[in-house]
file protein-v6.cif (mmCIF, C-alpha atoms)
data_structure
loop_
_atom_site.label_atom_id
_atom_site.label_comp_id
_atom_site.auth_asym_id
_atom_site.auth_seq_id
_atom_site.Cartn_x
_atom_site.Cartn_y
_atom_site.Cartn_z
CA MET Y 881 17.26 -30.83 1.93
CA GLN Y 882 16.35 -33.50 -0.62
CA ALA Y 883 13.61 -33.13 -3.22
CA GLY Y 884 10.30 -34.25 -1.76
CA GLU Y 885 11.30 -33.66 1.87
CA ARG Y 886 9.26 -31.26 3.95
CA ARG Y 887 10.80 -28.75 6.32
CA GLN Y 888 9.86 -29.18 9.94
CA GLY Y 889 8.33 -26.38 11.99
CA ILE Y 890 5.65 -23.78 11.52
CA HIS Y 891 6.12 -21.05 8.97
CA PRO Y 892 5.87 -17.64 10.68
CA LEU Y 893 3.29 -16.41 8.18
CA LEU Y 894 0.96 -19.18 9.38
CA LEU Y 895 1.02 -17.49 12.78
CA ALA Y 896 -0.29 -14.31 11.14
CA ALA Y 897 -3.67 -15.93 10.37
CA PRO Y 898 -4.72 -16.36 14.03
CA LEU Y 899 -3.34 -12.90 14.78
CA ALA Y 900 -5.45 -11.45 11.96
CA VAL Y 901 -8.56 -13.20 13.30
CA VAL Y 902 -7.97 -11.89 16.83
CA VAL Y 903 -7.29 -8.36 15.59
CA ALA Y 904 -10.40 -8.38 13.35
CA THR Y 905 -12.55 -9.62 16.23
CA LEU Y 906 -11.23 -6.94 18.57
CA VAL Y 907 -11.77 -4.23 15.95
CA VAL Y 908 -15.40 -5.34 15.50
CA VAL Y 909 -16.04 -5.46 19.26
CA LEU Y 910 -14.46 -2.05 19.79
CA GLY Y 911 -16.37 -0.63 16.83
CA VAL Y 912 -19.69 -1.81 18.25
CA THR Y 913 -19.14 -0.83 21.89
CA HIS Y 914 -17.26 2.49 21.34
CA PRO Y 915 -15.30 2.54 24.63
CA PRO Y 916 -13.07 5.54 25.36
CA GLY Y 917 -9.83 5.34 23.42
CA ALA Y 918 -11.20 2.78 20.96
CA ARG Y 919 -9.92 4.70 17.92
CA ALA Y 920 -6.37 4.61 19.26
CA ILE Y 921 -6.58 0.91 20.15
CA VAL Y 922 -7.98 0.05 16.71
CA ALA Y 923 -5.14 2.01 15.06
CA LEU Y 924 -2.55 0.15 17.13
CA LEU Y 925 -4.14 -3.18 16.31
CA ALA Y 926 -4.22 -2.25 12.64
CA GLY Y 927 -0.51 -1.49 12.90
CA ALA Y 928 0.27 -4.84 14.54
CA LEU Y 929 -0.41 -6.85 11.38
CA PRO Y 930 1.90 -4.97 9.01
CA ALA Y 931 4.55 -4.80 11.76
CA TRP Y 932 4.40 -8.58 12.16
CA GLY Y 933 4.57 -9.03 8.40
CA ALA Y 934 7.58 -6.73 8.17
CA VAL Y 935 9.48 -8.69 10.81
CA VAL Y 936 8.63 -12.05 9.27
CA LEU Y 937 9.56 -10.99 5.74
CA TRP Y 938 12.75 -9.21 6.79
CA LEU Y 939 14.14 -12.10 8.82
CA GLY Y 940 13.31 -14.93 6.42
CA GLY Y 941 13.37 -18.56 7.59
CA ARG Y 942 14.83 -20.26 10.63
CA ARG Y 943 18.44 -19.46 11.48
CA GLU Y 944 20.00 -22.77 10.54
CA HIS Y 945 18.26 -22.86 7.15
CA ARG Y 946 18.08 -19.13 6.47
CA PRO Y 947 18.77 -18.31 2.84
CA ASP Y 948 19.55 -14.78 1.76
CA VAL Y 949 16.35 -12.74 1.74
CA PRO Y 950 15.59 -11.42 -1.78
CA THR Y 951 15.75 -7.67 -2.34
CA TYR Y 952 12.08 -7.39 -3.32
CA GLN Y 953 11.12 -9.06 -0.05
CA ARG Y 954 13.17 -6.54 1.94
CA TRP Y 955 11.48 -3.66 0.06
CA PHE Y 956 8.05 -5.10 0.81
CA ALA Y 957 9.01 -5.54 4.49
CA ALA Y 958 10.13 -1.90 4.56
CA ALA Y 959 6.79 -0.83 3.07
CA LEU Y 960 4.94 -2.80 5.73
CA ALA Y 961 7.06 -1.16 8.43
CA VAL Y 962 6.18 2.29 7.08
CA SER Y 963 2.50 1.30 7.13
CA ALA Y 964 2.78 0.15 10.74
CA LEU Y 965 4.50 3.40 11.68
CA GLY Y 966 1.65 5.32 10.04
CA GLN Y 967 -0.86 3.42 12.16
CA VAL Y 968 1.08 4.22 15.33
CA LEU Y 969 1.08 7.91 14.41
CA ARG Y 970 -2.66 7.65 13.75
CA ALA Y 971 -3.11 6.20 17.25
CA VAL Y 972 -1.12 9.06 18.77
CA THR Y 973 -3.29 11.55 16.91
CA ALA Y 974 -6.44 9.79 18.10
CA LEU Y 975 -5.22 9.93 21.72
CA ARG Y 976 -4.60 13.67 21.48
CA GLY Y 977 -8.24 14.22 20.57
CA PRO Y 978 -9.78 16.67 18.13
CA SER Y 979 -7.85 19.84 17.50
#
call {"tool": "encode", "arguments": {"input": "protein-v6.cif", "output": "structure tokens"}}
result
Amino acid sequence: MQAGERRQGIHPLLLAAPLAVVVATLVVVLGVTHPPGARAIVALLAGALPAWGAVVLWLGGRREHRPDVPTYQRWFAAALAVSALGQVLRAVTALRGPS
């Protein structure tokens, strides 16, 4: 790629913005209406964002132009994956109900 040229295609992190808006809207609606199982659904939705971020950061760019992913980026992706796993466990706990 020459200096001044722009890469074609949509960066995967740009797809996270609409996902974040949809998740935030659903969390607000579920928080206001309090349907059964809302806590578990909110926890799963809250886990979707870090899971998406982990996948995007771990994989890097498109296949044909994929540079090596830096180590710090892999560590951050791993941290996001742990956060997503924590949210899934929170959802499982919410589905079990109070002890």
call {"tool": "closest_residue", "arguments": {"input": "protein-v6.cif", "among": "Y:Leu894, Y:Ala958, Y:Ala974, Y:Leu925", "to": "Y:Val908", "atoms": "only C-alpha atoms"}}
result
Y:Leu925
call {"tool": "atom_distance", "arguments": {"input": "protein-v6.cif", "atom1": "atom CA of Y:Ala920", "atom2": "atom CA of Y:Trp955"}}
result
27.5 Å
call {"tool": "resolve_selection", "arguments": {"input": "protein-v6.cif", "expression": "the PyMOL selection byres ((chain Y and resi 931) around 9)", "output": "PyMOL selection string"}}
result
chain Y and resi 927-930+932-936+957+960-965
call {"tool": "atom_distance", "arguments": {"input": "protein-v6.cif", "atom1": "atom CA of Y:Arg976", "atom2": "atom CA of Y:Arg919"}}
result
11.0 Å
call {"tool": "atom_distance", "arguments": {"input": "protein-v6.cif", "atom1": "atom CA of Y:Leu895", "atom2": "atom CA of Y:Ala971"}}
result
24.5 Å
call {"tool": "resolve_selection", "arguments": {"input": "protein-v6.cif", "expression": "the PyMOL selection byres ((chain Y and resi 972) around 12)", "output": "ChimeraX atom specification"}}
result
/Y:917,919-924,965-971,973-978
call {"tool": "write_last_selection", "arguments": {"input": "protein-v6.cif", "atoms": "C-alpha atoms", "output": "short mmCIF file (atom, residue, chain, number, x, y, z; two decimals), keeping the file's coordinate frame"}}
result
data_model
loop_
_atom_site.label_atom_id
_atom_site.label_comp_id
_atom_site.auth_asym_id
_atom_site.auth_seq_id
_atom_site.Cartn_x
_atom_site.Cartn_y
_atom_site.Cartn_z
CA GLY Y 917 -9.83 5.34 23.42
CA ARG Y 919 -9.92 4.70 17.92
CA ALA Y 920 -6.37 4.61 19.26
CA ILE Y 921 -6.58 0.91 20.15
CA VAL Y 922 -7.98 0.05 16.71
CA ALA Y 923 -5.14 2.01 15.06
CA LEU Y 924 -2.55 0.15 17.13
CA LEU Y 965 4.50 3.40 11.68
CA GLY Y 966 1.65 5.32 10.04
CA GLN Y 967 -0.86 3.42 12.16
CA VAL Y 968 1.08 4.22 15.33
CA LEU Y 969 1.08 7.91 14.41
CA ARG Y 970 -2.66 7.65 13.75
CA ALA Y 971 -3.11 6.20 17.25
CA THR Y 973 -3.29 11.55 16.91
CA ALA Y 974 -6.44 9.79 18.10
CA LEU Y 975 -5.22 9.93 21.72
CA ARG Y 976 -4.60 13.67 21.48
CA GLY Y 977 -8.24 14.22 20.57
CA PRO Y 978 -9.78 16.67 18.13
#
call {"tool": "closest_residue", "arguments": {"input": "protein-v6.cif", "among": "Y:Leu937, Y:His914, Y:Val909, Y:Gln953", "to": "Y:Ala896", "atoms": "all atoms listed in the file"}}
result
Y:Leu937
call {"tool": "decode", "arguments": {"input": "protein-v6.cif", "residues": "stretch 942-976 of chain Y", "atoms": "C-alpha atoms", "output": "PDB file, in the first residue's frame"}}
result
ATOM      1  CA  ARG Y 942      -8.413  -8.836   6.663  1.00  0.00           C
ATOM      2  CA  ARG Y 943      -6.663 -12.052   5.675  1.00  0.00           C
ATOM      3  CA  GLU Y 944      -4.818 -10.790   2.620  1.00  0.00           C
ATOM      4  CA  HIS Y 945      -3.451  -7.740   4.455  1.00  0.00           C
ATOM      5  CA  ARG Y 946      -3.176  -9.218   7.942  1.00  0.00           C
ATOM      6  CA  PRO Y 947      -0.043  -8.076   9.724  1.00  0.00           C
ATOM      7  CA  ASP Y 948       1.181  -9.839  12.832  1.00  0.00           C
ATOM      8  CA  VAL Y 949      -0.998  -8.853  15.775  1.00  0.00           C
ATOM      9  CA  PRO Y 950       1.081  -7.097  18.483  1.00  0.00           C
ATOM     10  CA  THR Y 951       1.491  -8.870  21.821  1.00  0.00           C
ATOM     11  CA  TYR Y 952      -0.232  -6.111  23.794  1.00  0.00           C
ATOM     12  CA  GLN Y 953      -3.256  -6.429  21.529  1.00  0.00           C
ATOM     13  CA  ARG Y 954      -3.443 -10.175  22.159  1.00  0.00           C
ATOM     14  CA  TRP Y 955      -3.258  -9.568  25.940  1.00  0.00           C
ATOM     15  CA  PHE Y 956      -6.066  -7.014  25.728  1.00  0.00           C
ATOM     16  CA  ALA Y 957      -8.143  -9.446  23.635  1.00  0.00           C
ATOM     17  CA  ALA Y 958      -7.565 -12.129  26.278  1.00  0.00           C
ATOM     18  CA  ALA Y 959      -8.709  -9.710  28.999  1.00  0.00           C
ATOM     19  CA  LEU Y 960     -11.869  -8.954  27.029  1.00  0.00           C
ATOM     20  CA  ALA Y 961     -12.512 -12.678  26.626  1.00  0.00           C
ATOM     21  CA  VAL Y 962     -12.198 -13.185  30.386  1.00  0.00           C
ATOM     22  CA  SER Y 963     -14.661 -10.326  30.919  1.00  0.00           C
ATOM     23  CA  ALA Y 964     -17.126 -11.905  28.487  1.00  0.00           C
ATOM     24  CA  LEU Y 965     -16.779 -15.247  30.261  1.00  0.00           C
ATOM     25  CA  GLY Y 966     -17.517 -13.515  33.572  1.00  0.00           C
ATOM     26  CA  GLN Y 967     -20.708 -12.070  32.122  1.00  0.00           C
ATOM     27  CA  VAL Y 968     -21.797 -15.503  30.885  1.00  0.00           C
ATOM     28  CA  LEU Y 969     -21.223 -16.940  34.364  1.00  0.00           C
ATOM     29  CA  ARG Y 970     -23.220 -14.029  35.798  1.00  0.00           C
ATOM     30  CA  ALA Y 971     -26.076 -14.915  33.434  1.00  0.00           C
ATOM     31  CA  VAL Y 972     -25.972 -18.550  34.550  1.00  0.00           C
ATOM     32  CA  THR Y 973     -26.102 -17.432  38.178  1.00  0.00           C
ATOM     33  CA  ALA Y 974     -29.039 -15.139  37.426  1.00  0.00           C
ATOM     34  CA  LEU Y 975     -30.927 -17.997  35.743  1.00  0.00           C
ATOM     35  CA  ARG Y 976     -30.449 -20.239  38.776  1.00  0.00           C
TER      36      ARG Y 976
END
